[in-house]
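Asker: Here it is, the structure, as structure tokens.
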Amino acid sequence: MSSKTLQEQSKSSVAIKKRSRFPGVMITQFVEKLPAGKSTPDFARKPMTTTVQEGKKAFFKAMVSGEPPPSVTWGRNKGEMDDSEKYSTRYDERAREHVLEIVNVKPEEADSYKCFATNEYGQAVCAVTLNVTEGIKKKTQNANGSATQDFRSMLKKTTVVTRKKKLPQQKEGEIDPKLLELLLSAPKKDYERICLEFGMTDFRWLLKKLKQIKKEREDEQSKVVENLENVKQIEVKPTGRAEFSFDMKLRDPNSEVHLYKDGMMIPYDDDINSKHSLQKTGTNYLFSIKDPQREDAGFYQVDVEDTNVLTTDFQVPDVEFVAKIKGTKITENEDAIFQCVLSTPLNKITWSKEDTSLEHGGKYELTISEDKLTHTLRIKDCQMADKGAYYAIAGITSSSASLIVQADSGGRKGTKASDKSKLVSEEQEKFPKENTEMDTVKQTEAENDAAYKAAHEKIENGKDGREGGDGGDGYGECIDDGTGIRNDGDEDNEDGKNKNFLGNEDNKSTTDDTSDKIKKRSRAAPLVSDSVSDRGVQFVRGLSDINAKVGEGAELSCKLNSDTAEGRWYKNGKLLTEEDGVKIIKDGACHILIIECCKKDDTAVYRFEAEGRKSEATLNVQDPPRLDPDALGEFTNPVIVRVGENAEWKLPFSGEAPMNIQWYKNDDELLPAVNVKIDTSDTESQLRLTKCQRKDTGEVKIKLKNEFGITEAVSRLIVLDKPTPPQGPVEITESAVTSVEFKWKPPKNNGGCPVTNYIIERQQVGRNKWSNLGEIPCNPCYKDTDVDPGRRYCYRIKAKNAEGISDYLQTGDIPAGVLCYPGPPTAPKVVSAFKDCINLSWCPPCKTGGTKIVGYNLEKNKTGTNYWSLVNQKGPITDTKYAVKDVFEGAAYRFRVSAINLSGAGEPSIPCEAVIARDPKKPPGKVTDLKLTSSSYTTFSLAWTKPKEVKGIEDEAQGYYVEIRPIASLEWTHCNATPISLTSYTVLGLKAMAAYWVRVIATNYGGDGEPQGFDNYIIAMPPPVRPRFKDRNMKTLMVVKSGNTVRVNINFEASPMPDISWVKDGIPLLKHVTITNMDKGSQLLIPTSERSDSGIYMITVKNIVGQESFSVEIRVTDDPKPPGPVELDENIPGTVTLCWTPSPDEKRDDRLHYLVSKRDSFKRTWRTVADNLFNNKFTVVNIMPGREYSFRVFAKNDIGLSPPSESPMFALKKEKGKFKVDMPQIKALDFESPPSFIIPLKRRTAPEGYECYMSCATKGDPAPRVTWYHNNISLNTNTNYHITNVCGVCSLLILRVGPKDNGEYTVVIENKLGNAESSMTLNVRE
């Protein structure tokens, strides 16, 4: 890509370098003089440096300008971009952006990329950096000589980590749950900033949902917190701690307060020196993080018990200060400016004074440049109280400077704000604003640079460094080192140096040399000030220490402030050339050293020198454990052996010695033992397990570790064996006279392969012989039908698989034909009761005792006695129902029943409730007048009338049951467990908007009557209201100027909540139209309207009761452009025909028409002669000879008139007459009159479905304008009505009359002299 660009430049005749308005952009002009209207390419917005995680997508976006429009291409420093699947470019016409997309970013694609904008007159080039970060890795052991860790002890210790329930993952098309959590705790002024970080530009539609969630969260918090206020989000303070706080009063002072980071609980205490601490003062809670690092970034939440009270997001961007803020000295009442430049764009940084954060507005003005790199703080109208230290904090990096405010003595004036801003801007030009990551410059360079700046400032201000307290930006006053600490100068220092210049002992000589230079320059300031204005070669970015792995590439790079400066590379003091196997690249001001394949001897100290400046860095070549892929693939295959056999693993490896190798089995470390053999050499490790047992089955793992990393490989050992015995206890499921059935549990261990069969053996108790009953499938149950009644048997059960037969499971003695009684039946149920008979029924028992039930015994007990007597004296009852006739009238009885099988009678059932022997009452009839008195979303209120008593048919009701059934269910549910005596009831606990069937049942001792229900189901909701629009004066036509905002508010009422839909001309709305629905209304919003937005918008409000629609016509237009030139033609004497070129808006505006006015030399006033012309020609009559006429043509639309197009002067020569008669002057008659009705509207009644015609007659001069209204809503634009006005006869025709046409119809006529109206009422007859 770069070579192609150079070729294009070589073809051009010249190559003139120009300066762009954006720093870091280089423009080359190909021609000496640009043609008029043409320009070289430039960037309207240059691409930004970006940092992405490995595997994600990276985007670079640029906007370019130039005439003709330039073409945009992309390139990179290391390699080509020919892979279309990897690199894709496109142009976004809507945003006017050129986009480069890199998919599945890898670390080797971290590089400097260039964007080229080229046209025939020149080329603009901009460089941008892509940084790639790796995923989170486990921390390796510190290389500080610590002892080897005992992994076995570590494995045995288990730490229980309490986790908070994680937020759900964001679903496609839905809101990120993290965004909602942050908005709940953030102040409203931060909503826009937070939403922008999540890529949401319009969040107004979210406010309603957020309000609802916030109310629910406050309800939860109110259970544990009385008051929560003054919530402050997390931010880094000048002290270097990250803090967030809030005022909270707990309901229970003993409630636990938990701190979570990314869902994991973090321990904290009240020690301020701890990593995480809580300082509680009264009701104020202050959480702080000491010495925050990048790994401390995350999603922090504070919970009281299980209730969340605060959520904050701590972000640590990868950013440095390219230019730090500098101390300043001003006079009272002036403005002070602090400005810094970042290496990475940020939407916001924190400005603070001591421990107080500064916000935009009032005293302080915070501004950010377009590229988000330059941040400025302006302090307005400074007073003495404003002096002190100020801090700029970006992520966890800070810069500080001092503000000195001097009293205004009257004769001395400080630097004006405008001058100060200019100085700051000039200072920023010394630092390139390219979006490259700022690496740390070595200590020596920092000291030299600091000393040089101090000397330069001293010379410019004419100070000698000893005035300290009263000189401008004096040498001994205050210098900021960018670390957030203010370093005051020492006025009495004998050599005049600032304390901040003192370095470490290693650089002492450098510091002394620098001090001498400062002294000389300070003494000769008036003579050498011009010479020191050129600072020479400086490092913009120095070398940084890097780590590389054996066999991989390494790159060292630095950047100077000069594109022409040359330099040399050294390795351990020895000069490097490309013959030493390295690549040396110079790309403008960037100098790069590349080692393509690192070896161990490449570990060294590398130095770059240029014109006396130097920068050093150390390259550490690491050799972590490495495994051969083929050997690793073979190792991961499972090893399968039989019991008693040996298992063996071998794995070759390579890496830096010493190498620590450990073998594990099932996470337990293996040490050499009798059956464990471990042989390890420098290149291979072998594990041998002898005489393997079934318990050895599991995971086998090798861990290789040296000082540079850890590598693991996992295999699996499978030991095959016969299964273990089946598991007991054996459960007897049936013991009949001729059969025995029992079951057991499968083996606990199947030996590594499935059980195929069970082998059953039997022994009769008292004999020694075991009989083989054969093999059965793997179902663990068996039924033996070859048994003798009264004998006892013992069984052996063995499991069998492919490896053999297990040991047996032996049962206990199992008797054959032994008595086994049935279980109890269900409690008897009273079917009916009379004075001489009680009818009962019951259900058979679940447990039959292994044989069939042959009958039942029924017993009765008279209330008040303890004696149970047998009812069925003649023998067992074979049925499950029985009529008991041995009862006395009026006595109360209880009954119980027991089942009988071949073994005998079992346990009796639970007795039934007492029943009185008496003739039953007749069940009551249906309740009457059942009605719904009220309803809500959770309740129904019912009322009814007591059923009438009909002797011998329906007895009196003694209570009532209310039952409901959801519409989706088939089961009725009692709302009241016991009968109620009142004739009203309220059903509670309903589901909102759910449909239920409801009925009421009257009951008495004789039973339940027939239910009485509603004909239709009932919905749990307030009384329904059909949708209707509340505003009678809603506009049906809106005319909006193009570019303005369109806002339509529609108010309605409806119950239940209706569904609201909008359409434009019968089709769904476009995405840029925003609809906001509320409980009582809906709003349509078009932020920036266009002509294409014109149309008829219809809202439909619909619920279960009905629906209502309303239409409004929106016309988006603009001021019309004037028509073209006007031509005059006289075809007929006394007339003139005007022709004009159509207005350019005629094709875009179908309502555009023309207005013609004229003026003659006699009256000298303009008069309209034609309006509403939809063609481009008009003939003016009554042209008088001897007069001069002028004509104007206007284009007219709904907005208004365009500027006129005027015609040339037109005149007819007047012929001289031979006879002249002076006629008396006739006074002109005035026929103008206000509008009035000759025949008014008359009341009408029309049948539904037929047409209706209504009319009236009007008069007035000028002809009045006629408007029809139906219930105060204009009908002139409604296509459902046919309206005509012929010679003053106004008529309205309704083709098919419906109920909606009922109401009042009004005709309003108006002209400039007044108005009149006539009304009538239309009744629609069904």
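Each chain in the structure tokens gets a letter, A, B and so on, in the order shown; residues start at 1 in every chain, and ligands are counted from 1 in the order they appear.
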Counting only C-alpha atoms, what is within 6 Å of Tyr570 of chain A, bar same-chain residues fewer than 6 positions away, as a ChimeraX atom specification?

Answerer: /A:576,606-607

Asker: Could you write out that same residue set with C-alpha atoms as an mmCIF file, in the first residue's frame?

Answerer:
data_model
loop_
_atom_site.group_PDB
_atom_site.id
_atom_site.type_symbol
_atom_site.label_atom_id
_atom_site.label_comp_id
_atom_site.auth_asym_id
_atom_site.auth_seq_id
_atom_site.Cartn_x
_atom_site.Cartn_y
_atom_site.Cartn_z
ATOM 1 C CA LEU A 576 23.690 -3.361 15.521
ATOM 2 C CA TYR A 606 19.000 -2.455 23.640
ATOM 3 C CA ARG A 607 19.685 1.234 23.175
#

Asker: Might you pull out every residue within 12 Å of segment 1241-1258 of chain A, with only C-alpha atoms counted and same-chain residues fewer than 4 positions away left off, and present them as a PyMOL selection string?

Answerer: chain A and resi 1233-1237+1262-1266+1268+1280-1311+1315-1326

Asker: Hey, can you check how far atom CA of Pro1122 of chain A sits from atom CA of Leu1155 of chain A?

Answerer: 11.0 Å

Asker: Glu305 of chain A: which residues within 7 Å, counting only C-alpha atoms, same-chain residues fewer than 3 positions away excluded, as a PyMOL selection string?

Answerer: chain A and resi 255-257

Asker: Quick one: residues within 6 Å of segment 990-994 of chain A, only C-alpha atoms counted, chain neighbours fewer than 4 positions away excluded, as a PyMOL selection string?

Answerer: chain A and resi 937-939+1019-1021

Asker: Write out the residues from the selection above, keeping all heavy atoms, as a PDB file, in the first residue's frame.

Answerer:
ATOM      1  N   TYR A 937     -58.343  -5.293  39.174  1.00  0.00           N
ATOM      2  CA  TYR A 937     -57.391  -6.211  38.556  1.00  0.00           C
ATOM      3  C   TYR A 937     -57.131  -7.434  39.421  1.00  0.00           C
ATOM      4  O   TYR A 937     -56.523  -8.396  38.946  1.00  0.00           O
ATOM      5  CB  TYR A 937     -56.069  -5.503  38.270  1.00  0.00           C
ATOM      6  CG  TYR A 937     -56.136  -4.559  37.088  1.00  0.00           C
ATOM      7  CD1 TYR A 937     -55.984  -3.194  37.264  1.00  0.00           C
ATOM      8  CD2 TYR A 937     -56.358  -5.038  35.801  1.00  0.00           C
ATOM      9  CE1 TYR A 937     -56.052  -2.319  36.192  1.00  0.00           C
ATOM     10  CE2 TYR A 937     -56.427  -4.175  34.716  1.00  0.00           C
ATOM     11  CZ  TYR A 937     -56.280  -2.829  34.909  1.00  0.00           C
ATOM     12  OH  TYR A 937     -56.353  -1.979  33.847  1.00  0.00           O
ATOM     13  N   THR A 938     -57.561  -7.444  40.676  1.00  0.00           N
ATOM     14  CA  THR A 938     -57.290  -8.606  41.541  1.00  0.00           C
ATOM     15  C   THR A 938     -58.528  -9.118  42.259  1.00  0.00           C
ATOM     16  O   THR A 938     -58.441 -10.126  42.957  1.00  0.00           O
ATOM     17  CB  THR A 938     -56.228  -8.242  42.601  1.00  0.00           C
ATOM     18  OG1 THR A 938     -56.681  -7.103  43.360  1.00  0.00           O
ATOM     19  CG2 THR A 938     -54.895  -7.918  41.932  1.00  0.00           C
ATOM     20  N   THR A 939     -59.692  -8.462  42.133  1.00  0.00           N
ATOM     21  CA  THR A 939     -60.869  -8.867  42.907  1.00  0.00           C
ATOM     22  C   THR A 939     -62.136  -8.816  42.058  1.00  0.00           C
ATOM     23  O   THR A 939     -62.214  -8.080  41.071  1.00  0.00           O
ATOM     24  CB  THR A 939     -61.063  -7.960  44.143  1.00  0.00           C
ATOM     25  OG1 THR A 939     -61.314  -6.622  43.711  1.00  0.00           O
ATOM     26  CG2 THR A 939     -59.844  -7.991  45.052  1.00  0.00           C
ATOM     27  N   ILE A1019     -63.519 -10.802  33.218  1.00  0.00           N
ATOM     28  CA  ILE A1019     -62.090 -10.469  33.171  1.00  0.00           C
ATOM     29  C   ILE A1019     -61.755  -9.636  34.403  1.00  0.00           C
ATOM     30  O   ILE A1019     -62.489  -8.714  34.771  1.00  0.00           O
ATOM     31  CB  ILE A1019     -61.744  -9.705  31.893  1.00  0.00           C
ATOM     32  CG1 ILE A1019     -62.066 -10.576  30.674  1.00  0.00           C
ATOM     33  CG2 ILE A1019     -60.274  -9.290  31.879  1.00  0.00           C
ATOM     34  CD1 ILE A1019     -61.845  -9.876  29.361  1.00  0.00           C
ATOM     35  N   ALA A1020     -60.645  -9.983  35.041  1.00  0.00           N
ATOM     36  CA  ALA A1020     -60.199  -9.260  36.236  1.00  0.00           C
ATOM     37  C   ALA A1020     -59.635  -7.910  35.802  1.00  0.00           C
ATOM     38  O   ALA A1020     -58.454  -7.784  35.481  1.00  0.00           O
ATOM     39  CB  ALA A1020     -59.150 -10.069  36.988  1.00  0.00           C
ATOM     40  N   MET A1021     -60.507  -6.930  35.814  1.00  0.00           N
ATOM     41  CA  MET A1021     -60.132  -5.591  35.383  1.00  0.00           C
ATOM     42  C   MET A1021     -61.207  -4.616  35.845  1.00  0.00           C
ATOM     43  O   MET A1021     -62.317  -5.025  36.194  1.00  0.00           O
ATOM     44  CB  MET A1021     -60.011  -5.525  33.858  1.00  0.00           C
ATOM     45  CG  MET A1021     -61.262  -6.003  33.129  1.00  0.00           C
ATOM     46  SD  MET A1021     -61.228  -5.723  31.360  1.00  0.00           S
ATOM     47  CE  MET A1021     -61.759  -4.018  31.317  1.00  0.00           C
TER      48      MET A1021
END

Asker: For each of A:Ser969, A:Asn857, A:Asn749, A:Ser898, take the minimum atom-to-atom distance to Pro822 of chain A, counting only C-alpha atoms, then give the residue where this is smallest.

Answerer: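 Checking each candidate against Pro822 of chain A, we get A:Ser898 as the closest.
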
Asker: Which of these, A:Glu1090, A:Glu192, A:Glu120, A:Glu85, has the shortest distance to Pro70 of chain A once you count only C-alpha atoms?

Answerer: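 Among the listed residues, the smallest separation from Pro70 of chain A belongs to A:Glu120.
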
Asker: List the neighbours of Ala1002 of chain A out to 9 Å using only C-alpha atoms; skip same-chain residues closer than 6 positions along the sequence, and give me the result as a PyMOL selection string.

Answerer: chain A and resi 923-927+946-947+957-962+979+1008-1012

Asker: Restricting it to N, CA, C and O atoms, dump the selection as a compact mmCIF listing (two decimals), in the first residue's frame.

Answerer:
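Listed below is the output, out.txt:
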# COMPACT_ATOMS: atom_id res chain seq x y z
N PRO A 923 -82.13 -30.59 48.29
CA PRO A 923 -81.14 -29.54 47.99
C PRO A 923 -81.85 -28.25 47.60
O PRO A 923 -82.94 -28.28 47.03
N PRO A 924 -81.28 -27.12 47.92
CA PRO A 924 -81.90 -25.84 47.57
C PRO A 924 -81.84 -25.61 46.06
O PRO A 924 -81.14 -26.30 45.32
N GLY A 925 -82.60 -24.61 45.60
CA GLY A 925 -82.59 -24.27 44.18
C GLY A 925 -81.45 -23.32 43.83
O GLY A 925 -80.52 -23.08 44.63
N LYS A 926 -81.54 -22.78 42.65
CA LYS A 926 -80.51 -21.84 42.19
C LYS A 926 -80.70 -20.48 42.83
O LYS A 926 -81.83 -20.05 43.08
N VAL A 927 -79.58 -19.80 43.09
CA VAL A 927 -79.68 -18.41 43.54
C VAL A 927 -80.17 -17.57 42.37
O VAL A 927 -80.02 -17.94 41.19
N LYS A 946 -81.33 -14.89 47.71
CA LYS A 946 -81.52 -16.24 48.25
C LYS A 946 -82.58 -16.99 47.44
O LYS A 946 -83.61 -16.41 47.07
N PRO A 947 -82.33 -18.27 47.13
CA PRO A 947 -83.33 -19.02 46.33
C PRO A 947 -84.63 -19.22 47.11
O PRO A 947 -84.62 -19.34 48.35
N ALA A 957 -82.06 -22.80 51.67
CA ALA A 957 -80.59 -22.79 51.59
C ALA A 957 -80.02 -22.35 52.93
O ALA A 957 -80.52 -21.40 53.56
N GLN A 958 -78.98 -23.09 53.41
CA GLN A 958 -78.33 -22.76 54.67
C GLN A 958 -76.94 -22.13 54.48
O GLN A 958 -76.32 -21.70 55.44
N GLY A 959 -76.44 -22.09 53.28
CA GLY A 959 -75.12 -21.49 53.01
C GLY A 959 -74.87 -21.48 51.51
O GLY A 959 -75.67 -21.98 50.71
N TYR A 960 -73.73 -20.91 51.18
CA TYR A 960 -73.41 -20.76 49.76
C TYR A 960 -71.91 -21.02 49.54
O TYR A 960 -71.07 -20.69 50.39
N TYR A 961 -71.61 -21.59 48.39
CA TYR A 961 -70.24 -21.74 47.91
C TYR A 961 -70.06 -20.87 46.65
O TYR A 961 -70.93 -20.86 45.78
N VAL A 962 -68.93 -20.17 46.57
CA VAL A 962 -68.56 -19.41 45.38
C VAL A 962 -67.40 -20.15 44.72
O VAL A 962 -66.38 -20.45 45.36
N PRO A 979 -69.30 -23.08 53.93
CA PRO A 979 -70.39 -22.25 53.36
C PRO A 979 -70.52 -20.91 54.08
O PRO A 979 -70.32 -20.81 55.30
N ASP A 1008 -75.88 -30.01 47.78
CA ASP A 1008 -75.67 -28.77 47.03
C ASP A 1008 -76.73 -28.63 45.94
O ASP A 1008 -77.11 -29.61 45.29
N GLY A 1009 -77.21 -27.41 45.78
CA GLY A 1009 -78.14 -27.14 44.71
C GLY A 1009 -77.42 -26.97 43.38
O GLY A 1009 -76.19 -27.10 43.27
N GLU A 1010 -78.18 -26.67 42.38
CA GLU A 1010 -77.59 -26.45 41.07
C GLU A 1010 -76.85 -25.11 41.05
O GLU A 1010 -77.31 -24.13 41.64
N PRO A 1011 -75.68 -25.07 40.38
CA PRO A 1011 -74.92 -23.81 40.35
C PRO A 1011 -75.58 -22.78 39.46
O PRO A 1011 -76.24 -23.11 38.48
N GLN A 1012 -75.40 -21.54 39.81
CA GLN A 1012 -75.88 -20.41 39.01
C GLN A 1012 -74.66 -19.57 38.62
O GLN A 1012 -73.93 -19.07 39.49

Asker: Considering only C-alpha atoms, return as an mmCIF file with all heavy atoms, in the first residue's frame whatever protein or nucleic-acid residues lie within 10 Å of Ala186 of chain A, sequence-local ones (same chain, fewer than 6 positions apart) excluded.

Answerer:
data_model
loop_
_atom_site.group_PDB
_atom_site.id
_atom_site.type_symbol
_atom_site.label_atom_id
_atom_site.label_comp_id
_atom_site.auth_asym_id
_atom_site.auth_seq_id
_atom_site.Cartn_x
_atom_site.Cartn_y
_atom_site.Cartn_z
ATOM 1 N N LEU A 180 -29.243 -0.817 32.691
ATOM 2 C CA LEU A 180 -30.343 -0.503 33.599
ATOM 3 C C LEU A 180 -29.846 -0.384 35.035
ATOM 4 O O LEU A 180 -30.259 0.517 35.771
ATOM 5 C CB LEU A 180 -31.427 -1.578 33.498
ATOM 6 C CG LEU A 180 -32.199 -1.625 32.168
ATOM 7 C CD1 LEU A 180 -33.154 -2.806 32.152
ATOM 8 C CD2 LEU A 180 -32.969 -0.343 31.935
ATOM 9 N N ILE A 194 -23.780 7.807 30.197
ATOM 10 C CA ILE A 194 -23.781 6.358 30.387
ATOM 11 C C ILE A 194 -24.374 5.663 29.169
ATOM 12 O O ILE A 194 -23.863 4.639 28.715
ATOM 13 C CB ILE A 194 -24.551 6.005 31.675
ATOM 14 C CG1 ILE A 194 -23.823 6.577 32.900
ATOM 15 C CG2 ILE A 194 -24.722 4.498 31.822
ATOM 16 C CD1 ILE A 194 -24.581 6.407 34.198
ATOM 17 N N VAL A 231 -25.883 9.648 46.610
ATOM 18 C CA VAL A 231 -25.102 8.571 46.006
ATOM 19 C C VAL A 231 -24.077 9.178 45.051
ATOM 20 O O VAL A 231 -24.433 9.939 44.160
ATOM 21 C CB VAL A 231 -26.031 7.579 45.259
ATOM 22 C CG1 VAL A 231 -25.206 6.507 44.563
ATOM 23 C CG2 VAL A 231 -27.011 6.947 46.228
ATOM 24 N N LYS A 232 -22.810 8.827 45.231
ATOM 25 C CA LYS A 232 -21.730 9.310 44.367
ATOM 26 C C LYS A 232 -21.055 8.128 43.703
ATOM 27 O O LYS A 232 -20.670 7.172 44.366
ATOM 28 C CB LYS A 232 -20.717 10.128 45.175
ATOM 29 C CG LYS A 232 -21.318 11.403 45.763
ATOM 30 C CD LYS A 232 -20.280 12.220 46.508
ATOM 31 C CE LYS A 232 -20.892 13.513 47.073
ATOM 32 N NZ LYS A 232 -19.895 14.301 47.827
ATOM 33 N N GLN A 233 -20.944 8.194 42.379
ATOM 34 C CA GLN A 233 -20.342 7.103 41.617
ATOM 35 C C GLN A 233 -18.842 7.041 41.869
ATOM 36 O O GLN A 233 -18.225 7.993 42.347
ATOM 37 C CB GLN A 233 -20.620 7.288 40.122
ATOM 38 C CG GLN A 233 -22.093 7.238 39.756
ATOM 39 C CD GLN A 233 -22.681 5.865 39.954
ATOM 40 O OE1 GLN A 233 -22.125 4.879 39.520
ATOM 41 N NE2 GLN A 233 -23.821 5.794 40.617
ATOM 42 N N LEU A 310 -26.714 0.033 45.510
ATOM 43 C CA LEU A 310 -25.877 0.882 44.669
ATOM 44 C C LEU A 310 -25.166 0.016 43.645
ATOM 45 O O LEU A 310 -24.728 -1.102 43.957
ATOM 46 C CB LEU A 310 -24.842 1.657 45.505
ATOM 47 C CG LEU A 310 -23.902 2.595 44.712
ATOM 48 C CD1 LEU A 310 -23.668 3.880 45.490
ATOM 49 C CD2 LEU A 310 -22.551 1.937 44.458
ATOM 50 N N THR A 311 -25.043 0.539 42.423
ATOM 51 C CA THR A 311 -24.289 -0.109 41.362
ATOM 52 C C THR A 311 -23.428 0.938 40.685
ATOM 53 O O THR A 311 -23.908 2.037 40.375
ATOM 54 C CB THR A 311 -25.232 -0.756 40.322
ATOM 55 O OG1 THR A 311 -26.065 -1.725 40.984
ATOM 56 C CG2 THR A 311 -24.438 -1.447 39.231
ATOM 57 N N THR A 312 -22.145 0.636 40.479
ATOM 58 C CA THR A 312 -21.241 1.578 39.834
ATOM 59 C C THR A 312 -20.253 0.805 38.987
ATOM 60 O O THR A 312 -19.924 -0.349 39.294
ATOM 61 C CB THR A 312 -20.518 2.460 40.877
ATOM 62 O OG1 THR A 312 -19.750 3.458 40.197
ATOM 63 C CG2 THR A 312 -19.623 1.632 41.767
#

Asker: Can you list every residue of segment 841-921 of chain A that has an atom at most 10 Å from segment 732-746 of chain A, with its nearest atom pair and the distance in Å to one decimal, using only C-alpha atoms, ordered by chain then number, as a tab-separated table?

Answerer:
residue	atom	partner	partner_atom	distance
A:Thr848	CA	A:Glu734	CA	9.6
A:Gly849	CA	A:Glu734	CA	7.4
A:Gly850	CA	A:Glu734	CA	4.7
A:Thr851	CA	A:Ala736	CA	6.3
A:Lys852	CA	A:Ala736	CA	9.8
A:Leu902	CA	A:Ala736	CA	9.0
A:Ser903	CA	A:Ala736	CA	9.4

Asker: Using atom CA of Pro625 of chain A and atom CA of Glu684 of chain A as the two end points, give the distance in Å to one decimal.

Answerer: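 Atom CA of Pro625 of chain A sits 11.7 Å away from atom CA of Glu684 of chain A.
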